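*Asks:* Next comes the structure file data_19.tsv, holding TSV, C-alpha atoms and all ligand atoms.
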chain	number	residue	atom	x	y	z
A	1	MET	CA	-17.55	51.02	-71.97
A	2	LYS	CA	-15.89	53.86	-70.07
A	3	ALA	CA	-16.92	55.18	-66.67
A	4	PRO	CA	-19.04	58.34	-66.77
A	5	PRO	CA	-17.27	61.54	-65.69
A	6	PHE	CA	-17.03	62.09	-61.94
A	7	GLY	CA	-15.21	64.32	-59.47
A	8	TYR	CA	-12.59	62.86	-57.16
A	9	ARG	CA	-11.71	63.85	-53.58
A	10	ARG	CA	-9.00	62.11	-51.58
A	11	VAL	CA	-9.42	62.47	-47.83
A	12	SER	CA	-6.97	61.77	-45.02
A	13	SER	CA	-9.35	61.15	-42.10
A	14	ALA	CA	-12.82	59.93	-41.20
A	15	ALA	CA	-13.88	63.49	-40.32
A	16	GLU	CA	-12.76	64.76	-43.73
A	17	ALA	CA	-14.70	61.96	-45.41
A	18	ALA	CA	-17.89	62.82	-43.51
A	19	ASP	CA	-17.44	66.52	-44.32
A	20	ALA	CA	-16.91	65.71	-48.00
A	21	LEU	CA	-20.08	63.60	-48.12
A	22	ARG	CA	-22.06	66.46	-46.57
A	23	GLU	CA	-20.57	69.07	-48.89
A	24	LEU	CA	-20.85	67.05	-52.10
A	25	GLY	CA	-24.42	65.84	-51.54
A	26	SER	CA	-26.38	62.67	-52.15
A	27	ASP	CA	-24.73	61.70	-55.45
A	28	ALA	CA	-21.26	61.40	-53.91
A	29	ARG	CA	-20.02	57.91	-52.98
A	30	ILE	CA	-17.26	56.56	-50.80
A	31	LEU	CA	-14.48	54.83	-52.72
A	32	ALA	CA	-12.87	52.18	-50.50
A	33	GLY	CA	-11.12	49.28	-52.27
A	34	GLY	CA	-13.04	49.95	-55.48
A	35	GLN	CA	-13.47	46.23	-56.18
A	36	SER	CA	-17.23	46.55	-56.57
A	37	LEU	CA	-17.61	50.26	-57.25
A	38	LEU	CA	-15.14	50.57	-60.12
A	39	PRO	CA	-16.64	47.66	-62.12
A	40	MET	CA	-20.06	49.25	-61.53
A	41	LEU	CA	-18.76	52.55	-62.92
A	42	SER	CA	-17.24	50.80	-65.92
A	43	VAL	CA	-20.59	49.33	-66.95
A	44	ARG	CA	-22.41	52.49	-65.84
A	45	ILE	CA	-24.61	50.79	-63.23
A	46	ALA	CA	-23.42	53.60	-60.95
A	47	SER	CA	-22.86	57.22	-61.94
A	48	PRO	CA	-21.86	59.17	-58.83
A	49	SER	CA	-21.11	62.88	-59.07
A	50	HIS	CA	-17.99	62.45	-56.90
A	51	LEU	CA	-15.90	59.69	-55.36
A	52	VAL	CA	-14.58	60.29	-51.86
A	53	ASP	CA	-11.45	58.14	-51.60
A	54	ILE	CA	-10.80	56.91	-48.04
A	55	GLY	CA	-7.89	54.63	-48.99
A	56	ARG	CA	-5.29	56.92	-47.35
A	57	ALA	CA	-7.25	57.87	-44.25
A	58	ASP	CA	-4.91	56.77	-41.45
A	59	ASP	CA	-7.61	56.73	-38.79
A	60	LEU	CA	-9.67	54.25	-40.81
A	61	ARG	CA	-7.02	51.57	-41.25
A	62	HIS	CA	-7.06	50.14	-37.74
A	63	ILE	CA	-7.61	46.53	-36.73
A	64	THR	CA	-7.60	46.38	-32.91
A	65	ALA	CA	-8.86	44.09	-30.18
A	66	ASP	CA	-9.65	45.82	-26.86
A	67	ASN	CA	-11.62	44.41	-23.94
A	68	GLY	CA	-12.80	41.47	-25.99
A	69	SER	CA	-14.05	43.63	-28.86
A	70	LEU	CA	-12.52	43.57	-32.34
A	71	ARG	CA	-12.67	46.89	-34.22
A	72	ILE	CA	-12.01	47.11	-37.94
A	73	GLY	CA	-11.75	50.48	-39.67
A	74	ALA	CA	-13.27	51.27	-43.05
A	75	ALA	CA	-9.94	51.34	-44.90
A	76	ALA	CA	-8.59	48.03	-43.53
A	77	THR	CA	-8.23	45.63	-46.45
A	78	GLN	CA	-9.71	42.17	-46.42
A	79	TRP	CA	-6.23	40.68	-46.76
A	80	SER	CA	-4.86	42.59	-43.76
A	81	VAL	CA	-7.83	41.61	-41.59
A	82	GLU	CA	-7.80	37.97	-42.62
A	83	ASN	CA	-4.08	37.73	-41.73
A	84	ASP	CA	-4.29	39.74	-38.53
A	85	GLN	CA	-3.70	37.79	-35.30
A	86	ALA	CA	-6.25	39.80	-33.35
A	87	THR	CA	-8.89	38.86	-35.92
A	88	THR	CA	-8.06	35.18	-36.09
A	89	ALA	CA	-8.15	35.05	-32.28
A	90	ALA	CA	-11.25	37.18	-31.68
A	91	ALA	CA	-13.30	36.50	-34.80
A	92	PRO	CA	-12.10	33.35	-36.60
A	93	LEU	CA	-15.48	33.05	-38.33
A	94	LEU	CA	-14.92	36.41	-40.03
A	95	ALA	CA	-11.35	35.46	-40.99
A	96	ASP	CA	-12.65	32.24	-42.61
A	97	ALA	CA	-15.38	34.11	-44.47
A	98	ILE	CA	-12.93	36.69	-45.82
A	99	SER	CA	-10.59	33.96	-47.06
A	100	ARG	CA	-13.44	32.71	-49.27
A	101	ALA	CA	-14.29	36.14	-50.77
A	102	GLY	CA	-12.81	36.36	-54.26
A	103	GLN	CA	-9.13	35.99	-55.05
A	104	VAL	CA	-6.08	37.20	-53.13
A	105	PRO	CA	-5.35	40.23	-55.41
A	106	ILE	CA	-8.97	41.38	-54.93
A	107	ARG	CA	-8.68	41.00	-51.16
A	108	HIS	CA	-5.48	43.08	-51.14
A	109	ARG	CA	-7.58	46.07	-52.27
A	110	GLY	CA	-11.14	45.30	-51.15
A	111	THR	CA	-12.09	46.28	-47.61
A	112	VAL	CA	-14.15	44.38	-45.04
A	113	VAL	CA	-16.29	47.43	-44.33
A	114	GLY	CA	-16.72	48.08	-48.07
A	115	SER	CA	-18.19	44.61	-48.51
A	116	ILE	CA	-20.59	45.28	-45.62
A	117	ALA	CA	-21.61	48.67	-47.06
A	118	HIS	CA	-22.04	47.18	-50.53
A	119	ALA	CA	-24.47	44.57	-49.10
A	120	ASP	CA	-24.42	42.08	-51.93
A	121	PRO	CA	-27.06	39.48	-50.94
A	122	SER	CA	-24.74	36.52	-51.68
A	123	ALA	CA	-21.51	37.90	-50.20
A	124	GLU	CA	-19.54	36.05	-47.54
A	125	ILE	CA	-18.51	38.88	-45.20
A	126	PRO	CA	-22.03	40.17	-44.41
A	127	ALA	CA	-23.15	36.64	-43.42
A	128	ALA	CA	-20.22	36.29	-40.99
A	129	VAL	CA	-20.82	39.78	-39.59
A	130	LEU	CA	-24.50	38.98	-39.02
A	131	ALA	CA	-23.79	35.66	-37.28
A	132	SER	CA	-21.20	37.39	-35.09
A	133	GLY	CA	-23.76	39.91	-33.81
A	134	ALA	CA	-21.59	42.78	-35.00
A	135	THR	CA	-22.20	46.48	-34.47
A	136	LEU	CA	-21.68	48.96	-37.31
A	137	ILE	CA	-20.55	52.51	-36.57
A	138	ALA	CA	-21.96	55.12	-38.95
A	139	ALA	CA	-20.37	58.57	-38.89
A	140	SER	CA	-21.53	61.91	-40.27
A	141	THR	CA	-20.19	65.38	-39.61
A	142	GLY	CA	-20.10	65.84	-35.84
A	143	SER	CA	-22.00	62.69	-34.90
A	144	GLU	CA	-21.91	58.93	-34.82
A	145	ARG	CA	-24.46	56.18	-34.27
A	146	GLU	CA	-24.36	52.44	-33.72
A	147	ILE	CA	-26.40	50.07	-35.89
A	148	SER	CA	-26.73	46.37	-35.07
A	149	ALA	CA	-25.97	44.00	-37.92
A	150	ASP	CA	-29.56	42.69	-37.54
A	151	ASP	CA	-30.86	46.12	-38.58
A	152	PHE	CA	-28.12	47.11	-41.01
A	153	PHE	CA	-28.86	44.91	-44.03
A	154	GLN	CA	-32.18	45.95	-45.54
A	155	GLY	CA	-32.29	44.44	-49.03
A	156	PRO	CA	-30.14	43.84	-52.12
A	157	TYR	CA	-27.42	46.53	-51.96
A	158	MET	CA	-29.53	48.45	-49.43
A	159	THR	CA	-28.46	49.27	-45.89
A	160	ALA	CA	-29.50	51.40	-42.94
A	161	LEU	CA	-26.85	54.01	-43.82
A	162	GLU	CA	-28.40	57.41	-44.36
A	163	GLU	CA	-27.42	60.14	-46.78
A	164	GLY	CA	-24.11	61.70	-45.78
A	165	GLU	CA	-23.08	58.77	-43.54
A	166	LEU	CA	-19.78	56.97	-43.73
A	167	LEU	CA	-19.60	53.42	-42.40
A	168	ARG	CA	-16.60	54.11	-40.19
A	169	GLU	CA	-16.03	50.83	-38.35
A	170	VAL	CA	-17.31	47.34	-37.62
A	171	ARG	CA	-17.12	46.00	-34.06
A	172	ILE	CA	-17.36	42.34	-33.16
A	173	ASP	CA	-17.53	41.14	-29.57
A	174	ARG	CA	-15.45	38.06	-29.00
A	175	TRP	CA	-17.42	34.92	-28.15
A	176	PRO	CA	-16.14	33.00	-25.09
A	177	ASP	CA	-13.13	30.68	-25.34
A	178	GLY	CA	-14.18	27.25	-26.55
A	179	THR	CA	-16.65	28.61	-29.12
A	180	GLY	CA	-16.67	26.57	-32.34
A	181	HIS	CA	-17.10	28.29	-35.69
A	182	ALA	CA	-17.67	27.16	-39.27
A	183	PHE	CA	-18.12	28.95	-42.56
A	184	GLU	CA	-19.51	26.94	-45.46
A	185	GLU	CA	-19.98	28.10	-49.02
A	186	PHE	CA	-21.17	26.69	-52.31
A	187	SER	CA	-19.89	28.28	-55.52
A	188	HIS	CA	-19.73	26.90	-59.04
A	189	SER	CA	-15.95	26.99	-59.18
A	190	HIS	CA	-13.11	27.64	-56.76
A	191	GLU	CA	-12.91	31.31	-55.71
A	192	SER	CA	-15.88	32.32	-57.86
A	193	TRP	CA	-18.88	34.23	-56.49
A	194	PRO	CA	-20.77	32.36	-53.79
A	195	VAL	CA	-24.22	30.98	-54.56
A	196	VAL	CA	-25.12	30.27	-50.93
A	197	THR	CA	-23.13	30.57	-47.68
A	198	ALA	CA	-23.71	29.52	-44.07
A	199	ALA	CA	-21.92	31.03	-41.04
A	200	VAL	CA	-22.25	29.34	-37.65
A	201	LEU	CA	-20.98	29.85	-34.08
A	202	VAL	CA	-21.62	27.28	-31.32
A	203	LEU	CA	-20.80	27.44	-27.60
A	204	LEU	CA	-21.29	24.32	-25.48
A	205	ASN	CA	-21.70	24.06	-21.73
A	206	GLY	CA	-21.71	20.66	-20.05
A	207	GLY	CA	-22.62	18.84	-23.26
A	208	THR	CA	-25.52	21.07	-24.28
A	209	ILE	CA	-25.67	24.07	-26.57
A	210	ASP	CA	-25.37	27.22	-24.50
A	211	ARG	CA	-25.35	29.72	-27.35
A	212	VAL	CA	-25.58	29.40	-31.14
A	213	ALA	CA	-25.76	31.78	-34.11
A	214	ILE	CA	-26.66	30.82	-37.68
A	215	ALA	CA	-26.63	33.20	-40.66
A	216	MET	CA	-26.92	32.58	-44.39
A	217	SER	CA	-26.42	34.57	-47.58
A	218	GLY	CA	-27.70	33.88	-51.11
A	219	VAL	CA	-31.14	32.86	-49.86
A	220	ASP	CA	-32.85	36.24	-49.61
A	221	GLY	CA	-32.31	39.83	-50.70
A	222	ARG	CA	-30.13	40.28	-47.62
A	223	PRO	CA	-28.20	37.99	-45.31
A	224	VAL	CA	-30.57	36.30	-42.86
A	225	ARG	CA	-30.29	34.96	-39.32
A	226	ALA	CA	-32.05	31.69	-38.44
A	227	GLY	CA	-33.55	32.75	-35.11
A	228	GLN	CA	-36.06	29.90	-34.82
A	229	ALA	CA	-33.42	27.22	-35.42
A	230	GLU	CA	-31.12	28.91	-32.89
A	231	HIS	CA	-33.97	28.82	-30.35
A	232	GLU	CA	-34.62	25.11	-31.01
A	233	LEU	CA	-30.94	24.25	-30.53
A	234	THR	CA	-30.31	26.19	-27.34
A	235	GLY	CA	-30.20	24.02	-24.23
A	236	GLN	CA	-30.17	20.79	-26.24
A	237	ALA	CA	-27.50	18.10	-26.65
A	238	PRO	CA	-26.11	18.45	-30.21
A	239	THR	CA	-26.97	15.06	-31.69
A	240	PRO	CA	-26.67	14.58	-35.47
A	241	GLU	CA	-30.48	14.25	-35.65
A	242	LEU	CA	-31.00	17.54	-33.81
A	243	LEU	CA	-28.53	19.39	-36.05
A	244	ALA	CA	-30.24	18.00	-39.17
A	245	GLU	CA	-33.64	19.10	-37.87
A	246	ALA	CA	-32.26	22.54	-37.04
A	247	ALA	CA	-30.88	22.90	-40.57
A	248	GLN	CA	-34.36	22.12	-41.96
A	249	SER	CA	-35.85	24.63	-39.57
A	250	ALA	CA	-33.30	27.30	-40.55
A	251	THR	CA	-34.45	27.28	-44.18
A	252	ARG	CA	-38.13	26.22	-43.87
A	253	ASP	CA	-39.65	29.67	-44.30
A	254	LEU	CA	-37.16	30.98	-46.85
A	255	GLU	CA	-38.23	31.79	-50.39
A	256	PRO	CA	-34.87	32.39	-52.10
A	257	PHE	CA	-34.55	34.29	-55.36
A	258	SER	CA	-33.70	32.54	-58.64
A	259	ASP	CA	-30.97	33.67	-61.00
A	260	VAL	CA	-28.50	32.21	-63.50
A	261	PHE	CA	-26.50	30.67	-60.65
A	262	GLY	CA	-29.37	28.70	-59.14
A	263	SER	CA	-33.13	28.49	-58.78
A	264	GLY	CA	-34.79	29.44	-55.50
A	265	ARG	CA	-35.55	25.78	-54.80
A	266	TYR	CA	-31.97	24.78	-55.43
A	267	ARG	CA	-30.64	27.56	-53.18
A	268	LYS	CA	-32.91	26.40	-50.38
A	269	ARG	CA	-31.70	22.80	-50.60
A	270	VAL	CA	-28.07	23.88	-50.74
A	271	ALA	CA	-28.59	26.18	-47.74
A	272	THR	CA	-30.07	23.34	-45.69
A	273	ALA	CA	-27.06	21.14	-46.47
A	274	LEU	CA	-24.57	23.92	-45.71
A	275	VAL	CA	-26.20	24.83	-42.39
A	276	ARG	CA	-26.17	21.20	-41.31
A	277	ARG	CA	-22.51	20.85	-42.28
A	278	ALA	CA	-21.55	24.11	-40.56
A	279	LEU	CA	-23.42	23.16	-37.37
A	280	THR	CA	-21.63	19.81	-37.31
A	281	THR	CA	-18.18	21.34	-37.81
A	282	ALA	CA	-18.74	24.17	-35.32
A	283	THR	CA	-20.06	21.74	-32.69
A	284	THR	CA	-17.07	19.46	-33.14
A	285	ARG	CA	-14.69	22.43	-32.85
A	286	ALA	CA	-16.52	23.46	-29.67
A	287	GLY	CA	-15.65	20.08	-28.18
A	288	GLY	CA	-18.93	18.28	-28.94
A	289	GLY	CA	-19.11	14.98	-30.75
A	290	ALA	CA	-21.88	15.68	-33.29
A	301	LIG	C1	-12.96	39.58	-59.68
A	301	LIG	C2	-13.74	39.89	-58.43
A	301	LIG	C3	-14.20	38.84	-57.64
A	301	LIG	C4	-14.91	39.11	-56.48
A	301	LIG	N1	-15.37	38.05	-55.76
A	301	LIG	C5	-16.08	38.29	-54.63
A	301	LIG	C6	-16.59	37.20	-53.84
A	301	LIG	O1	-16.38	36.03	-54.13
A	301	LIG	N2	-17.32	37.52	-52.74
A	301	LIG	C7	-17.57	38.83	-52.37
A	301	LIG	O2	-18.25	39.07	-51.37
A	301	LIG	N3	-17.10	39.88	-53.09
A	301	LIG	C8	-16.38	39.63	-54.21
A	301	LIG	N4	-15.90	40.69	-54.95
A	301	LIG	C9	-16.22	42.07	-54.49
A	301	LIG	C10	-15.11	42.56	-53.58
A	301	LIG	O3	-14.92	41.69	-52.52
A	301	LIG	C11	-15.29	43.99	-53.01
A	301	LIG	O4	-14.08	44.30	-52.44
A	301	LIG	C12	-16.30	44.25	-51.92
A	301	LIG	O5	-17.53	43.79	-52.35
A	301	LIG	C13	-16.42	45.78	-51.66
A	301	LIG	O6	-15.33	46.28	-50.95
A	301	LIG	P1	-14.49	47.54	-51.52
A	301	LIG	O7	-13.64	48.01	-50.41
A	301	LIG	O8	-13.81	47.16	-52.77
A	301	LIG	O9	-15.65	48.62	-51.78
A	301	LIG	P2	-15.89	49.61	-53.00
A	301	LIG	O10	-15.96	48.85	-54.28
A	301	LIG	O11	-14.95	50.75	-52.93
A	301	LIG	O12	-17.36	50.12	-52.59
A	301	LIG	C14	-18.50	49.30	-52.74
A	301	LIG	C15	-19.75	50.11	-52.36
A	301	LIG	O13	-19.79	50.35	-50.95
A	301	LIG	C16	-19.72	51.75	-50.67
A	301	LIG	N5	-18.80	51.91	-49.53
A	301	LIG	C17	-17.57	51.32	-49.41
A	301	LIG	N6	-17.05	51.63	-48.22
A	301	LIG	C18	-17.94	52.43	-47.59
A	301	LIG	C19	-17.96	53.06	-46.32
A	301	LIG	N7	-16.95	52.94	-45.44
A	301	LIG	N8	-19.05	53.82	-45.99
A	301	LIG	C20	-20.09	53.95	-46.84
A	301	LIG	N9	-20.14	53.35	-48.06
A	301	LIG	C21	-19.07	52.60	-48.43
A	301	LIG	C22	-19.21	52.41	-51.93
A	301	LIG	O14	-19.63	53.76	-52.05
A	301	LIG	C23	-19.81	51.51	-53.00
A	301	LIG	O15	-21.16	51.86	-53.22
A	301	LIG	C24	-15.17	40.45	-56.10
A	301	LIG	C25	-14.68	41.51	-56.88
A	301	LIG	C26	-13.98	41.24	-58.03
A	301	LIG	C27	-13.48	42.39	-58.85
Starting from the coordinates I provided, produce the structure as structure tokens.
Ligand SMILES: Cc1cc2nc3c(=O)[nH]c(=O)nc-3n(C[C@H](O)[C@H](O)[C@H](O)COP(=O)(O)OP(=O)(O)OC[C@H]3O[C@@H](n4cnc5c(N)ncnc54)[C@H](O)[C@@H]3O)c2cc1C
*Replies:*
Amino acid sequence: MKAPPFGYRRVSSAAEAADALRELGSDARILAGGQSLLPMLSVRIASPSHLVDIGRADDLRHITADNGSLRIGAAATQWSVENDQATTAAAPLLADAISRAGQVPIRHRGTVVGSIAHADPSAEIPAAVLASGATLIAASTGSEREISADDFFQGPYMTALEEGELLREVRIDRWPDGTGHAFEEFSHSHESWPVVTAAVLVLLNGGTIDRVAIAMSGVDGRPVRAGQAEHELTGQAPTPELLAEAAQSATRDLEPFSDVFGSGRYRKRVATALVRRALTTATTRAGGGA
């Protein structure tokens, strides 16, 4: 099948992209790496009137770490972010998650921000972004707003972006030195689409858990944070029994969807195992002996 006809506009800056979205109306779409959008066009799941190509917008390609905050622009490819020293230092959880997302040639074109905007419910990058407590910067002509990752993901392929908004940047505040991280994923074969993922950050203080974040994908229509389990872990010594209980707690209220890759029940069991494994690894990396 061929893609339906569409107009094409290449822009050279974020401002031009926002102006183009305003001018071209609600049926125009941003083209970033094209690794999800172009296959969708080919099978006619999407039929935008225009594509606004941000691939050559110089002010969207940045990857910078200032004052403990990592900033990734909308045109920065997954490969460039995953191999960037500022990212591996400030957000190793994100770097790990990216390295699991598809194959290297895909990551050379696909963008981190594009994966966030696409909001596939099983994808790796949104889970890592959610666990990291990231902030998303949405831009439209003449204005910008910040959206927390907690509020950004609203359902399968649905986000808090409004008509005419470009997702310009993702910002991740660095967790303190000594934080342990772990990204776990189950997929049916190496480098294939994830079925379930778990992203975890753990900070210890004097042998107890000072701060912890747990997020999962593939268990709901959007990536989810395990707030209750985080609450139960905070202030406690990370024994293997506690981490196992927290993993149960993280998935207890979930009612995952079923599809050809796994039933809801199966996804829930896999998620429990992955969260437990990720908590154990992250705690060990943080200097604990779980
Ligand atoms: C063979 C193959 C394997 C893959 N495996 C995986 C995998 O294992 N895990 C995984 O997570 N993904 C996987 N992908 C998807 C891939 O990682 C995509 O790169 C990613 O999902 C989207 O990023 P992109 O830059 O390519 O976005 P595009 O495809 O260009 O855009 C995707 C959607 O997001 C919108 N969008 C993009 N950027 C913005 C922005 N800045 N502002 C507003 N809207 C925007 C577009 O309009 C479009 O609707 C795979 C793709 C292929 C082809």
*Asks:* Could you give me, as a PDB file with C-alpha atoms, in the frame of the given file, the residues within 7 Å of segment 58-68 of chain A, counting only C-alpha atoms and dropping anything in the same chain fewer than 6 positions from it?
*Replies:*
ATOM      1  CA  SER A  12      -6.970  61.770 -45.020  1.00  0.00           C
ATOM      2  CA  SER A  13      -9.350  61.150 -42.100  1.00  0.00           C
ATOM      3  CA  ALA A  14     -12.820  59.930 -41.200  1.00  0.00           C
ATOM      4  CA  ALA A  74     -13.270  51.270 -43.050  1.00  0.00           C
ATOM      5  CA  ALA A  75      -9.940  51.340 -44.900  1.00  0.00           C
ATOM      6  CA  ALA A  76      -8.590  48.030 -43.530  1.00  0.00           C
ATOM      7  CA  VAL A  81      -7.830  41.610 -41.590  1.00  0.00           C
ATOM      8  CA  ALA A  86      -6.250  39.800 -33.350  1.00  0.00           C
ATOM      9  CA  ARG A 168     -16.600  54.110 -40.190  1.00  0.00           C
ATOM     10  CA  ASP A 173     -17.530  41.140 -29.570  1.00  0.00           C
ATOM     11  CA  ARG A 174     -15.450  38.060 -29.000  1.00  0.00           C
TER      12      ARG A 174
END
*Asks:* Could you list, as a PyMOL selection string, every residue within 9 Å of segment 221-234 of chain A, counting only C-alpha atoms and ignoring same-chain residues fewer than 3 positions away?
*Replies:* chain A and resi 119-123+126-127+130-131+150+153-158+208-218+237-238+242-243+245-251+256-257
*Asks:* Output C-alpha atoms for every residue in that selection, as a short mmCIF file (atom, residue, chain, number, x, y, z; two decimals), in the coordinates of the input.
*Replies:*
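Below you can see part.cif, which holds the result:
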data_model
loop_
_atom_site.label_atom_id
_atom_site.label_comp_id
_atom_site.auth_asym_id
_atom_site.auth_seq_id
_atom_site.Cartn_x
_atom_site.Cartn_y
_atom_site.Cartn_z
CA ALA A 119 -24.47 44.57 -49.10
CA ASP A 120 -24.42 42.08 -51.93
CA PRO A 121 -27.06 39.48 -50.94
CA SER A 122 -24.74 36.52 -51.68
CA ALA A 123 -21.51 37.90 -50.20
CA PRO A 126 -22.03 40.17 -44.41
CA ALA A 127 -23.15 36.64 -43.42
CA LEU A 130 -24.50 38.98 -39.02
CA ALA A 131 -23.79 35.66 -37.28
CA ASP A 150 -29.56 42.69 -37.54
CA PHE A 153 -28.86 44.91 -44.03
CA GLN A 154 -32.18 45.95 -45.54
CA GLY A 155 -32.29 44.44 -49.03
CA PRO A 156 -30.14 43.84 -52.12
CA TYR A 157 -27.42 46.53 -51.96
CA MET A 158 -29.53 48.45 -49.43
CA THR A 208 -25.52 21.07 -24.28
CA ILE A 209 -25.67 24.07 -26.57
CA ASP A 210 -25.37 27.22 -24.50
CA ARG A 211 -25.35 29.72 -27.35
CA VAL A 212 -25.58 29.40 -31.14
CA ALA A 213 -25.76 31.78 -34.11
CA ILE A 214 -26.66 30.82 -37.68
CA ALA A 215 -26.63 33.20 -40.66
CA MET A 216 -26.92 32.58 -44.39
CA SER A 217 -26.42 34.57 -47.58
CA GLY A 218 -27.70 33.88 -51.11
CA ALA A 237 -27.50 18.10 -26.65
CA PRO A 238 -26.11 18.45 -30.21
CA LEU A 242 -31.00 17.54 -33.81
CA LEU A 243 -28.53 19.39 -36.05
CA GLU A 245 -33.64 19.10 -37.87
CA ALA A 246 -32.26 22.54 -37.04
CA ALA A 247 -30.88 22.90 -40.57
CA GLN A 248 -34.36 22.12 -41.96
CA SER A 249 -35.85 24.63 -39.57
CA ALA A 250 -33.30 27.30 -40.55
CA THR A 251 -34.45 27.28 -44.18
CA PRO A 256 -34.87 32.39 -52.10
CA PHE A 257 -34.55 34.29 -55.36
#
*Asks:* Would you mind listing the residues within 6 Å of ligand LIG 301 (chain A), counting all atoms listed in the file, as a list in words?
*Replies:*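 Counting all atoms listed in the file, the residues within 6 Å of ligand LIG 301 (chain A) come out as Arg29, Ile30, Leu31, Ala32, Gly33, Gly34, Gln35, Ser36, Leu37, Ala74, Ala101, Gly102, Ile106, Gly110, Thr111, Val113, Gly114, Ser115, Ala117, His118, Ala123, Glu124, Leu166, Leu167, Arg168, Ser192, Trp193 and Pro194 of chain A.
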*Asks:* Which residue is closest to Ser49 of chain A? Choose from A:Asn83, A:Trp175, A:Pro92, A:Pro4 and count only C-alpha atoms.
*Replies:*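 Ranking A:Asn83, A:Trp175, A:Pro92, A:Pro4 by distance to Ser49 of chain A, first place goes to A:Pro4.
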*Asks:* For atom CA of His50 of chain A and atom CA of Val112 of chain A, quote the distance in Å rounded to one decimal.
*Replies:*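 Result for atom CA of His50 of chain A versus atom CA of Val112 of chain A: 22.0 Å, one decimal.
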*Asks:* Using all atoms listed in the file, find each residue of segment 200-282 of chain A with at least one atom at most 8 Å away from an atom of segment 182-189 of chain A; report its shortest atom-to-atom pair and that distance in Å (one decimal), sort the rows by chain and rising residue number, and return the result as JSON lines.
*Replies:*
{"residue": "A:Val200", "atom": "CA", "partner": "A:Ala182", "partner_atom": "CA", "distance": 5.3}
{"residue": "A:Leu201", "atom": "CA", "partner": "A:Ala182", "partner_atom": "CA", "distance": 6.7}
{"residue": "A:Phe261", "atom": "CA", "partner": "A:His188", "partner_atom": "CA", "distance": 7.9}
{"residue": "A:Val270", "atom": "CA", "partner": "A:Phe186", "partner_atom": "CA", "distance": 7.6}
{"residue": "A:Leu274", "atom": "CA", "partner": "A:Glu184", "partner_atom": "CA", "distance": 5.9}
{"residue": "A:Val275", "atom": "CA", "partner": "A:Glu184", "partner_atom": "CA", "distance": 7.7}
{"residue": "A:Arg277", "atom": "CA", "partner": "A:Glu184", "partner_atom": "CA", "distance": 7.5}
{"residue": "A:Ala278", "atom": "CA", "partner": "A:Ala182", "partner_atom": "CA", "distance": 5.1}
{"residue": "A:Leu279", "atom": "CA", "partner": "A:Ala182", "partner_atom": "CA", "distance": 7.3}
{"residue": "A:Thr281", "atom": "CA", "partner": "A:Ala182", "partner_atom": "CA", "distance": 6.0}
{"residue": "A:Ala282", "atom": "CA", "partner": "A:Ala182", "partner_atom": "CA", "distance": 5.1}
*Asks:* Please, what distance in Å, to one decimal, runs between atom CA of Ala134 of chain A and atom CA of Phe152 of chain A?
*Replies:*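 Atom CA of Phe152 of chain A lies 9.9 Å from atom CA of Ala134 of chain A.
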*Asks:* Please, what distance in Å, to one decimal, runs between atom CA of Gln103 of chain A and atom CA of Trp79 of chain A?
*Replies:*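 Between atom CA of Gln103 of chain A and atom CA of Trp79 of chain A the gap is 10.0 Å.
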*Asks:* Fewer than 4 positions away in the same chain doesn't count, so skip those; otherwise give me all residues within 9 Å of Ser99 of chain A, counting all atoms listed in the file, as a PDB file with C-alpha atoms, in the coordinates of the input.
*Replies:*
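Output contents, as saved in around09.pdb:
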ATOM      1  CA  GLN A  78      -9.710  42.170 -46.420  1.00  0.00           C
ATOM      2  CA  TRP A  79      -6.230  40.680 -46.760  1.00  0.00           C
ATOM      3  CA  GLU A  82      -7.800  37.970 -42.620  1.00  0.00           C
ATOM      4  CA  LEU A  94     -14.920  36.410 -40.030  1.00  0.00           C
ATOM      5  CA  ALA A  95     -11.350  35.460 -40.990  1.00  0.00           C
ATOM      6  CA  GLN A 103      -9.130  35.990 -55.050  1.00  0.00           C
ATOM      7  CA  VAL A 104      -6.080  37.200 -53.130  1.00  0.00           C
ATOM      8  CA  ARG A 107      -8.680  41.000 -51.160  1.00  0.00           C
TER       9      ARG A 107
END
*Asks:* Taking all atoms of segment 199-210 of chain A that the file lists and extending 5 Å past them on each side, where is the centre of the axis-aligned box and how long are its edges? Answer in Å to one decimal, as AutoDock Vina command-line options.
*Replies:*
--center_x -23.2 --center_y 24.9 --center_z -30.5 --size_x 14.9 --size_y 22.2 --size_z 31.0
*Asks:* Please provide as number ranges by chain all residues within 8 Å of Gly288 of chain A, with the sequence filter that same-chain residues fewer than 2 positions apart are discarded (counting all atoms listed in the file).
*Replies:* A: 204, 207, 238, 283-286, 290
*Asks:* Let's have the selection written as a compact mmCIF listing (two decimals), keeping the file's coordinate frame, with C-alpha atoms.
*Replies:*
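Saved file selection.txt follows:
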# COMPACT_ATOMS: atom_id res chain seq x y z
CA LEU A 204 -21.29 24.32 -25.48
CA GLY A 207 -22.62 18.84 -23.26
CA PRO A 238 -26.11 18.45 -30.21
CA THR A 283 -20.06 21.74 -32.69
CA THR A 284 -17.07 19.46 -33.14
CA ARG A 285 -14.69 22.43 -32.85
CA ALA A 286 -16.52 23.46 -29.67
CA ALA A 290 -21.88 15.68 -33.29
*Asks:* Considering only C-alpha atoms, return as a short mmCIF file (atom, residue, chain, number, x, y, z; two decimals) with C-alpha atoms, keeping the file's coordinate frame whatever protein or nucleic-acid residues lie within 9 Å of Pro48 of chain A, sequence-local ones (same chain, fewer than 2 positions apart) excluded.
*Replies:*
data_model
loop_
_atom_site.label_atom_id
_atom_site.label_comp_id
_atom_site.auth_asym_id
_atom_site.auth_seq_id
_atom_site.Cartn_x
_atom_site.Cartn_y
_atom_site.Cartn_z
CA PRO A 4 -19.04 58.34 -66.77
CA PRO A 5 -17.27 61.54 -65.69
CA PHE A 6 -17.03 62.09 -61.94
CA GLY A 7 -15.21 64.32 -59.47
CA SER A 26 -26.38 62.67 -52.15
CA ASP A 27 -24.73 61.70 -55.45
CA ALA A 28 -21.26 61.40 -53.91
CA ARG A 29 -20.02 57.91 -52.98
CA LEU A 41 -18.76 52.55 -62.92
CA ALA A 46 -23.42 53.60 -60.95
CA HIS A 50 -17.99 62.45 -56.90
CA LEU A 51 -15.90 59.69 -55.36
#
